[in-house]
Structures are given as C-alpha cells and as structure tokens.
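A.B. asks: You'll find entry_19.cif just under this line, and it carries mmCIF, C-alpha atoms.
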```
data_coords
#
loop_
_atom_site.label_atom_id
_atom_site.label_comp_id
_atom_site.auth_asym_id
_atom_site.auth_seq_id
_atom_site.Cartn_x
_atom_site.Cartn_y
_atom_site.Cartn_z
CA MET A 1137 -32.27 190.46 4.66
CA ALA A 1138 -30.77 193.47 2.90
CA ALA A 1139 -27.04 193.34 2.23
CA GLU A 1140 -26.36 196.24 4.59
CA HIS A 1141 -28.00 194.27 7.43
CA MET A 1142 -26.09 191.04 6.83
CA PRO A 1143 -23.67 190.12 9.63
CA PRO A 1144 -19.97 190.49 8.82
CA SER A 1145 -18.38 187.39 7.40
CA VAL A 1146 -15.30 185.45 8.40
CA PRO A 1147 -13.63 183.87 5.34
CA ALA A 1148 -14.60 180.23 4.96
CA ARG A 1149 -12.23 177.72 6.49
CA ARG A 1150 -10.14 175.38 4.38
CA PRO A 1151 -8.50 172.42 6.11
CA ALA A 1152 -4.85 171.75 5.41
CA PRO A 1153 -4.23 169.43 2.44
CA GLY A 1154 -4.95 165.85 3.45
CA GLN A 1155 -6.72 166.87 6.64
CA THR A 1156 -10.30 165.68 7.17
CA PRO A 1157 -12.60 168.56 8.11
CA THR A 1158 -14.17 168.59 11.56
CA LEU A 1159 -17.94 168.50 11.25
CA ALA A 1160 -20.87 169.18 13.55
CA LEU A 1161 -24.23 167.48 13.18
CA ILE A 1162 -26.71 170.01 14.52
CA GLY A 1163 -29.95 168.31 15.50
CA CYS A 1164 -30.06 164.79 16.90
CA GLY A 1165 -33.57 163.84 15.91
CA ALA A 1166 -34.95 160.95 13.91
CA PHE A 1167 -33.30 161.92 10.63
CA ALA A 1168 -29.84 162.17 12.17
CA GLU A 1169 -30.35 158.74 13.71
CA ALA A 1170 -31.81 157.07 10.63
CA PHE A 1171 -29.88 158.74 7.79
CA TYR A 1172 -26.60 160.48 8.60
CA LEU A 1173 -25.16 158.57 11.55
CA PRO A 1174 -25.59 155.01 10.18
CA ALA A 1175 -23.96 156.11 6.92
CA MET A 1176 -20.99 157.68 8.71
CA ALA A 1177 -20.59 154.63 10.93
CA ALA A 1178 -20.52 152.33 7.90
CA HIS A 1179 -18.54 154.40 5.43
CA LEU A 1180 -16.93 157.44 7.12
CA PRO A 1181 -15.63 156.27 10.51
CA GLY A 1182 -12.83 158.85 10.51
CA VAL A 1183 -15.35 161.65 10.15
CA LEU A 1184 -17.56 160.14 12.83
CA ARG A 1185 -14.77 159.98 15.41
CA THR A 1186 -14.29 163.76 15.30
CA LEU A 1187 -17.96 164.60 14.76
CA ILE A 1188 -19.60 166.90 17.31
CA LEU A 1189 -23.27 166.13 17.95
CA VAL A 1190 -25.23 169.25 18.87
CA ASP A 1191 -28.65 169.25 20.47
CA THR A 1192 -30.32 171.23 23.24
CA ARG A 1193 -31.33 167.85 24.65
CA LEU A 1194 -27.90 166.72 25.74
CA GLU A 1195 -29.12 163.31 26.86
CA ARG A 1196 -30.31 162.63 23.33
CA ALA A 1197 -26.96 163.73 21.90
CA ARG A 1198 -25.09 161.57 24.40
CA TYR A 1199 -27.24 158.57 23.55
CA LEU A 1200 -26.49 158.86 19.82
CA ALA A 1201 -22.80 159.57 20.45
CA ALA A 1202 -22.52 156.38 22.50
CA ARG A 1203 -24.52 154.36 20.01
CA PHE A 1204 -22.59 155.41 16.90
CA GLY A 1205 -19.20 156.41 18.33
CA ALA A 1206 -19.28 160.16 17.69
CA GLY A 1207 -16.50 162.30 19.13
CA GLU A 1208 -18.32 164.60 21.53
CA VAL A 1209 -21.58 166.38 22.28
CA CYS A 1210 -22.62 170.00 22.75
CA ALA A 1211 -25.86 171.77 23.63
CA ASP A 1212 -25.36 175.00 21.65
CA TYR A 1213 -23.74 175.33 18.22
CA HIS A 1214 -22.63 178.87 19.10
CA ASP A 1215 -20.06 177.29 21.41
CA ILE A 1216 -18.25 175.48 18.58
CA LEU A 1217 -18.20 178.10 15.82
CA THR A 1218 -14.40 178.31 15.92
CA ARG A 1219 -13.85 174.57 16.23
CA VAL A 1220 -15.61 173.14 13.18
CA ASP A 1221 -15.07 173.45 9.45
CA GLY A 1222 -18.55 172.37 8.43
CA ALA A 1223 -21.99 171.71 9.87
CA ILE A 1224 -24.94 169.55 8.86
CA LEU A 1225 -28.26 171.16 9.73
CA ALA A 1226 -30.80 168.50 10.72
CA ILE A 1227 -32.98 170.78 12.85
CA PRO A 1228 -36.59 171.86 12.20
CA HIS A 1229 -36.67 173.95 9.06
CA ALA A 1230 -37.99 177.03 10.86
CA PHE A 1231 -34.51 177.32 12.38
CA HIS A 1232 -32.47 176.69 9.21
CA HIS A 1233 -32.11 180.34 8.28
CA ALA A 1234 -30.85 181.68 11.60
CA ALA A 1235 -28.44 178.79 12.14
CA ALA A 1236 -27.10 178.88 8.59
CA ILE A 1237 -26.53 182.64 8.63
CA THR A 1238 -24.61 182.38 11.91
CA LEU A 1239 -22.50 179.46 10.72
CA LEU A 1240 -21.74 180.85 7.28
CA SER A 1241 -20.91 184.29 8.66
CA ASN A 1242 -18.34 182.60 10.90
CA GLY A 1243 -16.69 180.78 8.01
CA VAL A 1244 -18.39 177.43 8.63
CA HIS A 1245 -19.55 175.49 5.57
CA VAL A 1246 -23.16 174.21 5.71
CA LEU A 1247 -25.06 171.18 4.44
CA CYS A 1248 -28.75 171.85 5.02
CA GLU A 1249 -31.61 169.38 5.14
CA LYS A 1250 -34.65 169.91 2.97
CA PRO A 1251 -36.58 172.10 2.75
CA LEU A 1252 -33.83 174.70 2.68
CA THR A 1253 -36.35 177.15 4.17
CA LEU A 1254 -40.01 177.97 3.57
CA SER A 1255 -39.24 181.63 2.92
CA ALA A 1256 -37.80 182.62 -0.42
CA GLN A 1257 -36.18 185.71 1.12
CA ASP A 1258 -34.54 183.59 3.83
CA ALA A 1259 -33.25 181.17 1.20
CA HIS A 1260 -31.74 184.00 -0.83
CA ASP A 1261 -30.20 185.40 2.36
CA MET A 1262 -28.50 182.07 3.04
CA VAL A 1263 -27.06 181.88 -0.47
CA ALA A 1264 -25.84 185.48 -0.18
CA ALA A 1265 -24.17 184.73 3.16
CA ALA A 1266 -22.37 181.74 1.65
CA ASP A 1267 -21.19 183.86 -1.27
CA ARG A 1268 -19.92 186.58 1.07
CA ALA A 1269 -17.87 184.09 3.06
CA GLY A 1270 -16.79 181.99 0.09
CA ALA A 1271 -18.37 179.03 1.87
CA VAL A 1272 -20.13 175.90 0.66
CA LEU A 1273 -23.90 175.87 1.12
CA ALA A 1274 -25.22 172.49 0.05
CA ALA A 1275 -28.74 171.09 0.31
CA ASN A 1276 -29.94 167.53 0.75
CA TYR A 1277 -32.66 166.99 -1.84
CA VAL A 1278 -31.60 163.38 -2.15
CA GLN A 1279 -34.04 162.36 -4.89
CA ARG A 1280 -31.99 164.44 -7.33
CA LEU A 1281 -29.27 161.81 -6.92
CA PHE A 1282 -31.41 158.87 -8.03
CA PRO A 1283 -30.09 157.59 -11.39
CA SER A 1284 -33.68 157.25 -12.65
CA ASN A 1285 -34.44 160.89 -11.87
CA ILE A 1286 -31.18 162.04 -13.46
CA LYS A 1287 -32.18 160.14 -16.60
CA VAL A 1288 -35.64 161.75 -16.60
CA ARG A 1289 -34.01 165.18 -16.56
CA GLU A 1290 -31.70 164.24 -19.43
CA MET A 1291 -34.58 162.85 -21.51
CA LEU A 1292 -36.68 165.97 -21.01
CA ARG A 1293 -33.73 168.20 -21.80
CA ASP A 1294 -32.99 166.27 -25.00
CA GLY A 1295 -36.63 166.04 -26.11
CA GLU A 1296 -36.70 162.23 -26.08
CA LEU A 1297 -40.35 162.15 -25.02
CA GLY A 1298 -41.42 164.71 -27.61
CA GLN A 1299 -43.57 167.63 -26.48
CA VAL A 1300 -44.27 167.14 -22.77
CA GLU A 1301 -48.02 167.35 -22.22
CA HIS A 1302 -48.78 166.16 -18.70
CA ILE A 1303 -46.89 165.27 -15.50
CA THR A 1304 -48.39 163.69 -12.40
CA TYR A 1305 -46.68 163.07 -9.07
CA ASP A 1306 -48.53 161.23 -6.28
CA TRP A 1307 -47.01 160.58 -2.87
CA GLY A 1308 -49.25 159.52 -0.04
CA SER A 1309 -49.13 157.26 2.99
CA GLU A 1310 -49.99 157.43 6.65
CA PHE A 1311 -47.57 159.67 8.55
CA THR A 1312 -45.44 157.27 10.60
CA TRP A 1313 -42.13 159.15 10.78
CA PRO A 1314 -40.68 158.53 14.28
CA THR A 1315 -40.17 162.22 15.02
CA VAL A 1316 -38.23 162.81 18.23
CA SER A 1317 -38.90 166.51 18.75
CA GLY A 1318 -42.51 166.42 17.52
CA PHE A 1319 -41.94 169.77 15.81
CA TYR A 1320 -44.37 168.93 13.01
CA PHE A 1321 -47.28 169.01 15.42
CA GLY A 1322 -46.07 171.45 18.08
CA PRO A 1323 -47.29 175.04 18.52
CA ASP A 1324 -44.87 176.21 15.83
CA GLY A 1325 -46.00 173.45 13.47
CA CYS A 1326 -49.17 175.13 12.26
CA ARG A 1327 -49.54 176.35 8.71
CA ARG A 1328 -46.17 175.53 7.17
CA TYR A 1329 -44.84 172.24 8.54
CA GLY A 1330 -47.32 170.07 6.70
CA VAL A 1331 -47.24 167.61 3.83
CA LEU A 1332 -46.58 170.36 1.28
CA ALA A 1333 -43.37 171.38 3.07
CA ASP A 1334 -42.40 167.76 3.73
CA ARG A 1335 -43.16 165.50 0.77
CA GLY A 1336 -43.94 168.45 -1.44
CA ALA A 1337 -40.40 169.76 -1.04
CA HIS A 1338 -39.10 166.76 -2.99
CA ALA A 1339 -41.94 166.70 -5.51
CA LEU A 1340 -41.84 170.40 -6.39
CA ASP A 1341 -38.05 170.46 -6.46
CA LEU A 1342 -37.94 167.54 -8.88
CA ILE A 1343 -40.50 169.20 -11.14
CA CYS A 1344 -38.47 172.44 -11.26
CA TRP A 1345 -35.22 170.51 -11.77
CA TRP A 1346 -36.61 168.22 -14.46
CA LEU A 1347 -38.10 171.09 -16.43
CA GLY A 1348 -35.29 173.54 -15.79
CA ALA A 1349 -37.93 176.13 -14.94
CA LYS A 1350 -40.38 177.16 -12.24
CA PRO A 1351 -43.96 176.42 -13.34
CA ARG A 1352 -46.78 178.78 -12.48
CA ILE A 1353 -49.53 177.82 -10.05
CA THR A 1354 -53.03 177.44 -11.48
CA GLU A 1355 -54.65 175.84 -8.42
CA ILE A 1356 -53.64 174.72 -4.93
CA ARG A 1357 -56.01 173.14 -2.43
CA THR A 1358 -55.28 171.72 1.01
CA ASP A 1359 -57.22 170.43 3.99
CA ALA A 1360 -55.68 173.07 6.27
CA LEU A 1361 -58.20 175.29 8.02
CA GLY A 1362 -55.74 177.67 9.63
CA GLY A 1363 -53.43 174.88 10.78
CA LEU A 1364 -51.35 172.00 9.45
CA ASP A 1365 -51.91 170.66 5.94
CA ALA A 1366 -52.08 166.85 5.75
CA VAL A 1367 -53.49 166.61 2.21
CA ALA A 1368 -52.61 168.85 -0.71
CA GLN A 1369 -53.41 168.98 -4.39
CA VAL A 1370 -51.41 171.28 -6.64
CA ARG A 1371 -51.94 172.06 -10.32
CA LEU A 1372 -49.13 173.82 -12.18
CA GLN A 1373 -48.59 174.88 -15.76
CA HIS A 1374 -45.36 175.14 -17.75
CA GLU A 1375 -45.79 176.14 -21.38
CA ASP A 1376 -48.16 173.46 -22.81
CA CYS A 1377 -47.56 171.01 -19.95
CA THR A 1378 -50.07 170.57 -17.12
CA ILE A 1379 -48.67 169.23 -13.84
CA ASP A 1380 -50.79 167.58 -11.13
CA ILE A 1381 -49.28 166.83 -7.72
CA ARG A 1382 -51.20 164.98 -5.00
CA LEU A 1383 -49.75 164.60 -1.51
CA SER A 1384 -51.11 162.98 1.63
CA TRP A 1385 -50.09 162.13 5.19
CA LEU A 1386 -53.41 160.38 5.76
CA SER A 1387 -53.78 157.63 3.17
CA LYS A 1388 -51.92 155.70 0.53
CA LEU A 1389 -51.87 157.15 -2.98
CA ALA A 1390 -50.49 155.69 -6.20
CA ASN A 1391 -46.97 156.77 -5.16
CA ARG A 1392 -45.88 157.10 -8.75
CA TYR A 1393 -45.03 159.80 -11.22
CA THR A 1394 -45.96 159.84 -14.88
CA ILE A 1395 -44.59 162.05 -17.64
CA ARG A 1396 -46.56 161.95 -20.87
CA GLY A 1397 -45.01 163.29 -24.02
CA SER A 1398 -46.14 163.33 -27.62
CA GLU A 1399 -43.68 160.54 -28.48
CA ALA A 1400 -43.32 158.50 -25.29
CA GLU A 1401 -44.37 158.20 -21.66
CA ILE A 1402 -42.60 157.45 -18.38
CA GLU A 1403 -44.27 155.90 -15.34
CA ASN A 1404 -42.24 155.01 -12.25
CA ASN A 1405 -42.42 154.64 -8.50
CA TYR A 1406 -41.14 157.76 -6.76
CA GLU A 1407 -38.63 155.72 -4.70
CA THR A 1408 -37.37 153.52 -7.54
CA TRP A 1409 -33.92 154.66 -8.54
CA ASP A 1410 -32.44 151.69 -10.45
CA VAL A 1411 -34.96 151.27 -13.30
CA LEU A 1412 -37.03 153.54 -15.52
CA PRO A 1413 -39.79 152.20 -17.81
CA VAL A 1414 -40.29 154.18 -21.03
CA ARG A 1415 -43.38 153.39 -23.14
CA SER A 1416 -43.44 154.41 -26.80
CA ARG A 1417 -46.59 155.58 -28.61
CA SER A 1418 -46.89 152.08 -30.07
CA GLY A 1419 -47.05 150.60 -26.58
CA GLU A 1420 -43.57 149.07 -26.57
CA VAL A 1421 -41.90 149.32 -23.17
CA ARG A 1422 -38.18 149.89 -22.92
CA MET A 1423 -36.79 149.24 -19.43
CA LEU A 1424 -33.76 151.39 -18.64
CA ARG A 1425 -31.61 149.90 -15.87
CA PHE A 1426 -29.00 151.63 -13.74
CA PRO A 1427 -26.59 149.29 -11.91
CA THR A 1428 -26.11 150.58 -8.39
CA ALA A 1429 -25.10 149.28 -4.99
CA LYS A 1430 -27.75 151.44 -3.31
CA ARG A 1431 -30.35 149.31 -1.57
CA ALA A 1432 -31.95 151.78 0.83
CA TYR A 1433 -32.74 155.49 0.93
CA ARG A 1434 -30.09 156.12 3.57
CA ASP A 1435 -27.38 154.58 1.35
CA TYR A 1436 -27.16 157.98 -0.34
CA ALA A 1437 -26.15 159.69 2.92
CA ALA A 1438 -22.50 158.65 2.71
CA ASP A 1439 -22.24 160.09 -0.83
CA ILE A 1440 -23.79 163.37 0.29
CA VAL A 1441 -21.49 163.77 3.31
CA ALA A 1442 -18.37 162.67 1.39
CA ASN A 1443 -19.19 165.16 -1.36
CA PHE A 1444 -19.73 167.92 1.22
CA ILE A 1445 -16.31 167.16 2.71
CA ASN A 1446 -14.70 167.22 -0.72
CA ALA A 1447 -16.35 170.57 -1.50
CA ILE A 1448 -14.98 171.97 1.77
CA GLN A 1449 -11.48 170.69 1.01
CA THR A 1450 -11.31 171.72 -2.63
CA GLY A 1451 -13.77 174.60 -2.98
CA THR A 1452 -15.64 172.76 -5.72
CA THR A 1453 -19.39 172.93 -6.22
CA PRO A 1454 -21.33 170.39 -4.12
CA LEU A 1455 -23.71 167.84 -5.62
CA ILE A 1456 -26.74 170.00 -4.83
CA PRO A 1457 -25.87 173.66 -4.29
CA ALA A 1458 -28.49 175.54 -2.29
CA ARG A 1459 -28.67 178.08 -5.11
CA ASP A 1460 -30.11 175.37 -7.35
CA VAL A 1461 -33.15 174.75 -5.13
CA LEU A 1462 -34.25 178.39 -4.84
CA ALA A 1463 -36.95 177.93 -7.49
CA SER A 1464 -38.66 175.17 -5.51
CA VAL A 1465 -38.47 177.18 -2.27
CA GLU A 1466 -40.13 180.09 -4.05
CA LEU A 1467 -42.77 177.74 -5.46
CA ILE A 1468 -43.65 176.21 -2.08
CA GLU A 1469 -43.95 179.65 -0.52
CA ALA A 1470 -46.23 180.71 -3.36
CA CYS A 1471 -48.32 177.54 -2.92
CA TYR A 1472 -48.91 178.25 0.76
CA ALA A 1473 -49.84 181.84 -0.05
CA ALA A 1474 -52.33 180.78 -2.75
CA ALA A 1475 -53.81 177.70 -1.03
CA VAL A 1476 -57.55 177.45 -0.49
CA PRO A 1477 -59.44 174.65 1.31
CA PHE A 1478 -60.81 171.65 -0.49
CA HIS A 1479 -64.53 171.75 -1.10
CA MET A 1480 -65.92 170.29 2.12
CA PRO A 1481 -69.71 170.67 2.08
CA TRP A 1482 -70.09 168.88 5.41
CA ILE A 1483 -68.58 171.83 7.29
CA GLN A 1484 -68.89 175.58 7.01
CA VAL A 1485 -65.36 176.36 5.86
CA GLU A 1486 -65.79 180.12 5.98
CA SER A 1487 -66.81 180.14 9.64
CA VAL A 1488 -63.94 177.84 10.59
CA LEU A 1489 -61.41 180.07 8.82
CA ASP A 1490 -62.90 183.16 10.43
CA GLY A 1491 -62.39 181.53 13.81
CA CYS A 1492 -58.77 180.67 12.96
CA ASN A 1493 -58.05 184.21 11.84
CA GLN A 1494 -59.33 185.59 15.11
CA THR A 1495 -57.01 183.45 17.29
#
```
Rewrite the structure of this file - the entire thing - as structure tokens.
C.D. replies:
Amino acid sequence: MAAEHMPPSVPARRPAPGQTPTLALIGCGAFAEAFYLPAMAAHLPGVLRTLILVDTRLERARYLAARFGAGEVCADYHDILTRVDGAILAIPHAFHHAAAITLLSNGVHVLCEKPLTLSAQDAHDMVAAADRAGAVLAANYVQRLFPSNIKVREMLRDGELGQVEHITYDWGSEFTWPTVSGFYFGPDGCRRYGVLADRGAHALDLICWWLGAKPRITEIRTDALGGLDAVAQVRLQHEDCTIDIRLSWLSKLANRYTIRGSEAEIENNYETWDVLPVRSRSGEVRMLRFPTAKRAYRDYAADIVANFINAIQTGTTPLIPARDVLASVELIEACYAAAVPFHMPWIQVESVLDGCNQT
C-alpha cells in the first residue's frame, strides 16, 4: 500500500504510569484456547480480568470468557478501537493485514501471530503503519525465544562452527491441530494456508534469523496441484551453505535440524530448547544446557504477552519486532511463487494443473 493511500493515524496510546494496558484478544480459536488464555490465567490474572475476547462467533467467545475468567466479549473489533491499548491477533493470517492496519491506524498496539502475513507488501504496510502511529508491532515467532536457538544464532555469528556448509530442518507429523474455524481447509484455504505457511513459517524464519540474511531459493517442490500444500521440500543457498528444509502434514519426519560446519556440527530436535549437542570434528560431543522453568510450548506465552505489555507501557522494542521477520515473509512468498509439483509419475501433473487453472 503506497504511503499516500495509507489511512490516517491516531498516535499510539500510552497508559498512565503504573496502569496495566487494556488488551483485546482477537480470534477465539484453538490457539487462543491452548496458548494465550492458559498463560494469562496462570501468570497474568490482572490482564485477563480486563481482557476483551473478540470473535464473530459470540458463543465461542463467551465460552472461553467463562472458562478462563476474561472480562468481556465482543463480536467486532471495530467496536472497541477506542477502548483498548493493545490487541493480540489470533485470527487466520489472511486477515492479519486488514485488522492490523485498522488497529495501528487507530493508535492500538498489535501483537500478531505467525505468519505475520503471506504477502511481503502487506507485511511492509503493517510495519509502515506502526511507524506512522509510533505503535508497537510485535510478532509471535516463539521458537526465536528458545535458549537453544538463541545459542545457535550466537555460535553462527561468532564462527564457532567454522565455515557453515550445510543446514537441514525437518518437521513432519500428521496434522492433528484442533482447529476451531477450519480455515486451513475452507474455500479460502487453498494455495497459501498449507504446511509451508504453517510449519515453514518457523523453519524459514529461524534460518533467516540464524544466518542474519535471506538465502536464495534454488528449488522448491510441493504436493499442491492448485490447492493446499501438505508436503514441501525447499532447497536454499547462502554463500557456500546449502540448506534443505522438509515439511509434512502427512507423516512423521526426523523432526530435527542439523548445522554442519567445517569445525563442528549441531544436531537437535526442533522443539528442544534446554539442551544443544555440539559435536567436534574429532567426534567429541559437548552438551550445552540451559536451565529453564519452561516445560511446555505454551509456557512462553506469558513471557510474550508480558513483554508486549511492557513495550506498550515504555515504548521499548518488543522481543520480536515485526520488522525483524520481514525477510522470512518475503522468502515464503517467493517459495510459493516458485513452487513446482513433486515428480509424480502415477498422475499426469500437467493436465491436473491445467484443470486447476481453468476453475
């Protein structure tokens, strides 16, 4: 969106010193229920008591409000633009851009679920809107907060593995997410709601963040024939380093990442955040350990929300500024644009694609 077409901005709100911001949680689906609300109930009860749950399905919002003790419910976030200081976007990512632009332009700070968007232009628009309003625009790419992943970034930055030669990242299991809205598989779910946008958002963001650069695409194949991608294989290149990413919603993969350097190698489970094995060229394994009270993925939610609140109150940079994930948004968009089908000799891929293009 060109600057001259951006909506006018209201300066971002700042609560009075010592006052807890009023937040809205927009979207009352499975992620709100499994991630944000349990964390607030356990660690941020004061925030929860004034929280406004927003969902077009009011019965769903009322159910979660009663279950977790939220303050009130609302069907349309437009009705509360002047009543909240910040909003958490937990809606389908096709709606992130429009909602964020409206909120930011009305002085409301935003914490957005991943992926920020699937359009690089939309992502840049959101960052520009936040800048215009002087508002916080944070993103929840939670794997950046894992101590093991932070250490990987530091080791690559400091050259502790030597010349990085090869990175692999495998994440695959049967899709069992208890989606409430079903948006992944609805009529709007075709083409860009698949595994590449879901699990790939974390994988590609980590790669960009670890390397401090956006690799170039050398090959991208998916099983999508005009519709949703459930399996994807991406090959990237950064300087002398080849990167292979394999993603699946259909079957279990190794679910590990490896980083091979000229001096040492890392191999770890993608969800392991408290240890990091480092193998030297001689074969000696050094186990790095990171004491943490985190026992489950959702334990990071309280940190993310508390940090968002602090950024609203103080104007400081959030843990994961949306600006920092722009490279991965651009990379995912480029992957979808460049994707070709896997070699599937048992079907005539060309005729299937021709049929899709005609509908």
A.B. asks: Counting all atoms listed in the file, I want the residues whose atoms come within 12 Å of (-13.6, 178.0, 1.9) in the file frame, returned as a PDB file with C-alpha atoms, in the frame of the given file.
C.D. replies:
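Final output, saved to selection01.pdb:
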```pdb
ATOM      1  CA  SER A1145     -18.380 187.390   7.400  1.00  0.00           C
ATOM      2  CA  VAL A1146     -15.300 185.450   8.400  1.00  0.00           C
ATOM      3  CA  PRO A1147     -13.630 183.870   5.340  1.00  0.00           C
ATOM      4  CA  ALA A1148     -14.600 180.230   4.960  1.00  0.00           C
ATOM      5  CA  ARG A1149     -12.230 177.720   6.490  1.00  0.00           C
ATOM      6  CA  ARG A1150     -10.140 175.380   4.380  1.00  0.00           C
ATOM      7  CA  PRO A1151      -8.500 172.420   6.110  1.00  0.00           C
ATOM      8  CA  ALA A1152      -4.850 171.750   5.410  1.00  0.00           C
ATOM      9  CA  PRO A1157     -12.600 168.560   8.110  1.00  0.00           C
ATOM     10  CA  ASP A1221     -15.070 173.450   9.450  1.00  0.00           C
ATOM     11  CA  GLY A1222     -18.550 172.370   8.430  1.00  0.00           C
ATOM     12  CA  LEU A1240     -21.740 180.850   7.280  1.00  0.00           C
ATOM     13  CA  SER A1241     -20.910 184.290   8.660  1.00  0.00           C
ATOM     14  CA  ASN A1242     -18.340 182.600  10.900  1.00  0.00           C
ATOM     15  CA  GLY A1243     -16.690 180.780   8.010  1.00  0.00           C
ATOM     16  CA  VAL A1244     -18.390 177.430   8.630  1.00  0.00           C
ATOM     17  CA  HIS A1245     -19.550 175.490   5.570  1.00  0.00           C
ATOM     18  CA  VAL A1246     -23.160 174.210   5.710  1.00  0.00           C
ATOM     19  CA  ALA A1266     -22.370 181.740   1.650  1.00  0.00           C
ATOM     20  CA  ASP A1267     -21.190 183.860  -1.270  1.00  0.00           C
ATOM     21  CA  ARG A1268     -19.920 186.580   1.070  1.00  0.00           C
ATOM     22  CA  ALA A1269     -17.870 184.090   3.060  1.00  0.00           C
ATOM     23  CA  GLY A1270     -16.790 181.990   0.090  1.00  0.00           C
ATOM     24  CA  ALA A1271     -18.370 179.030   1.870  1.00  0.00           C
ATOM     25  CA  VAL A1272     -20.130 175.900   0.660  1.00  0.00           C
ATOM     26  CA  LEU A1273     -23.900 175.870   1.120  1.00  0.00           C
ATOM     27  CA  PHE A1444     -19.730 167.920   1.220  1.00  0.00           C
ATOM     28  CA  ILE A1445     -16.310 167.160   2.710  1.00  0.00           C
ATOM     29  CA  ASN A1446     -14.700 167.220  -0.720  1.00  0.00           C
ATOM     30  CA  ALA A1447     -16.350 170.570  -1.500  1.00  0.00           C
ATOM     31  CA  ILE A1448     -14.980 171.970   1.770  1.00  0.00           C
ATOM     32  CA  GLN A1449     -11.480 170.690   1.010  1.00  0.00           C
ATOM     33  CA  THR A1450     -11.310 171.720  -2.630  1.00  0.00           C
ATOM     34  CA  GLY A1451     -13.770 174.600  -2.980  1.00  0.00           C
ATOM     35  CA  THR A1452     -15.640 172.760  -5.720  1.00  0.00           C
ATOM     36  CA  THR A1453     -19.390 172.930  -6.220  1.00  0.00           C
TER      37      THR A1453
END
```
A.B. asks: Find the residue from A:Leu1161, A:Ala1429, A:Leu1467, A:Ala1206 that sits nearest to Ala1177 in chain A; use all atoms listed in the file when measuring.
C.D. replies: A:Ala1206
A.B. asks: Have a look at CA of Leu1184 in chain A and CA of Gly1207 in chain A and let me know their distance in Å, one decimal.
C.D. replies: 6.7 Å
A.B. asks: If you apply the PyMOL selection byres ((chain A and resi 1292) around 12) to this file, what residues do you get, as a PyMOL selection string?
C.D. replies: chain A and resi 1285-1291+1293-1301+1303+1343-1349+1395-1402
A.B. asks: For the file shown, what are the residues hit by the PyMOL selection byres ((chain A and resi 1331) around 7), laid out as an mmCIF file with C-alpha atoms, in the coordinates of the input?
C.D. replies:
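Done, and the output landed in expr.cif:
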```cif
data_model
loop_
_atom_site.group_PDB
_atom_site.id
_atom_site.type_symbol
_atom_site.label_atom_id
_atom_site.label_comp_id
_atom_site.auth_asym_id
_atom_site.auth_seq_id
_atom_site.Cartn_x
_atom_site.Cartn_y
_atom_site.Cartn_z
ATOM 1 C CA GLY A 1330 -47.320 170.070 6.700
ATOM 2 C CA LEU A 1332 -46.580 170.360 1.280
ATOM 3 C CA ALA A 1333 -43.370 171.380 3.070
ATOM 4 C CA ASP A 1334 -42.400 167.760 3.730
ATOM 5 C CA ARG A 1335 -43.160 165.500 0.770
ATOM 6 C CA GLY A 1336 -43.940 168.450 -1.440
ATOM 7 C CA ASP A 1365 -51.910 170.660 5.940
ATOM 8 C CA ALA A 1366 -52.080 166.850 5.750
ATOM 9 C CA VAL A 1367 -53.490 166.610 2.210
ATOM 10 C CA LEU A 1383 -49.750 164.600 -1.510
ATOM 11 C CA SER A 1384 -51.110 162.980 1.630
ATOM 12 C CA TRP A 1385 -50.090 162.130 5.190
#
```
A.B. asks: Which residue gives the smallest distance to Arg1425 in chain A among A:Ser1309, A:Thr1156, A:Ser1284, A:Ser1387, with all atoms listed in the file counted?
C.D. replies: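 Looking only at the distances to Arg1425 in chain A, the closest residue turns out to be A:Ser1284.
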A.B. asks: Can you tell me which residues surround Ala1275 in chain A at a distance of at most 10 Å, considering all atoms listed in the file, apart from same-chain residues fewer than 3 positions away, and format the answer as a ChimeraX atom specification?
C.D. replies: /A:1224-1225,1246-1252,1272,1278,1440,1444,1454-1461
A.B. asks: Please identify all polymer residues within 10 Å of range 1472-1475 of chain A, counting only C-alpha atoms, omitting same-chain residues fewer than 6 positions from it, and present them as an MDAnalysis selection string.
C.D. replies: chainID A and resid 1254 1327:1328 1332:1333 1353:1360 1365 1368:1370
A.B. asks: Quick one: pull the distance between CA of Arg1422 in chain A and CA of Asn1404 in chain A, Å, one decimal.
C.D. replies: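 Straight-line distance from CA of Arg1422 in chain A to CA of Asn1404 in chain A works out to 12.5 Å.
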A.B. asks: As an exercise, work out the distance from CA of Val1316 in chain A to CA of Gly1165 in chain A in Å and give it to one decimal place.
C.D. replies: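 Rounded to one decimal, the two atoms are 5.3 Å apart.
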A.B. asks: Around (-11.8, 161.9, 12.4) in the file's own coordinates, what residues are found within 12 Å if you use all atoms listed in the file, given back as a ChimeraX atom specification?
C.D. replies: /A:1154-1160,1176-1177,1180-1188,1205-1208,1220,1445
A.B. asks: Counting all atoms listed in the file, which residue out of A:Leu1173, A:Ala1390, A:Ile1237, A:Cys1210 sits closest to Asp1191 in chain A?
C.D. replies: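 With all atoms listed in the file as the atom set, the closest residue is A:Cys1210.
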A.B. asks: Select, from A:Asn1443, A:Thr1304, A:Thr1312, A:Thr1428, the residue with the minimum atom-to-atom distance to Asn1405 in chain A, counting all atoms listed in the file.
C.D. replies: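 Among A:Asn1443, A:Thr1304, A:Thr1312, A:Thr1428, it is A:Thr1304 that comes nearest to Asn1405 in chain A.
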A.B. asks: For a quick check of understanding, using all atoms listed in the file, which of A:Ser1317, A:Thr1253, A:Thr1238, A:Thr1378 has the smallest distance to Ser1464 in chain A?
C.D. replies: A:Thr1253
A.B. asks: Could you expand the PyMOL selection byres ((chain A and resi 1412) around 6) into the explicit residues it covers here, written as a PyMOL selection string?
C.D. replies: chain A and resi 1284+1411+1413+1423-1424
A.B. asks: Would you save the residues from that selection as an mmCIF file, keeping the file's coordinate frame, using C-alpha atoms?
C.D. replies:
```
data_model
loop_
_atom_site.group_PDB
_atom_site.id
_atom_site.type_symbol
_atom_site.label_atom_id
_atom_site.label_comp_id
_atom_site.auth_asym_id
_atom_site.auth_seq_id
_atom_site.Cartn_x
_atom_site.Cartn_y
_atom_site.Cartn_z
ATOM 1 C CA SER A 1284 -33.680 157.250 -12.650
ATOM 2 C CA VAL A 1411 -34.960 151.270 -13.300
ATOM 3 C CA PRO A 1413 -39.790 152.200 -17.810
ATOM 4 C CA MET A 1423 -36.790 149.240 -19.430
ATOM 5 C CA LEU A 1424 -33.760 151.390 -18.640
#
```
A.B. asks: Neighbouring residues of range 1192-1198 of chain A were defined as those with any atom within 7 Å, considering all atoms listed in the file; residues of the same chain fewer than 2 positions away were excluded. Please report them as a list of chain:residue names.
C.D. replies: A:Cys1164, A:Leu1189, A:Val1190, A:Leu1200, A:Ala1201, A:Ala1202, A:Val1209, A:Cys1210, A:Ala1211, A:Asp1212
A.B. asks: Quick one: of A:Ala1235, A:Ala1265, A:Ala1337, A:Trp1307, who's nearest to Ile1162 in chain A, counting all atoms listed in the file?
C.D. replies: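 Closest to Ile1162 in chain A of all the choices is A:Ala1235.
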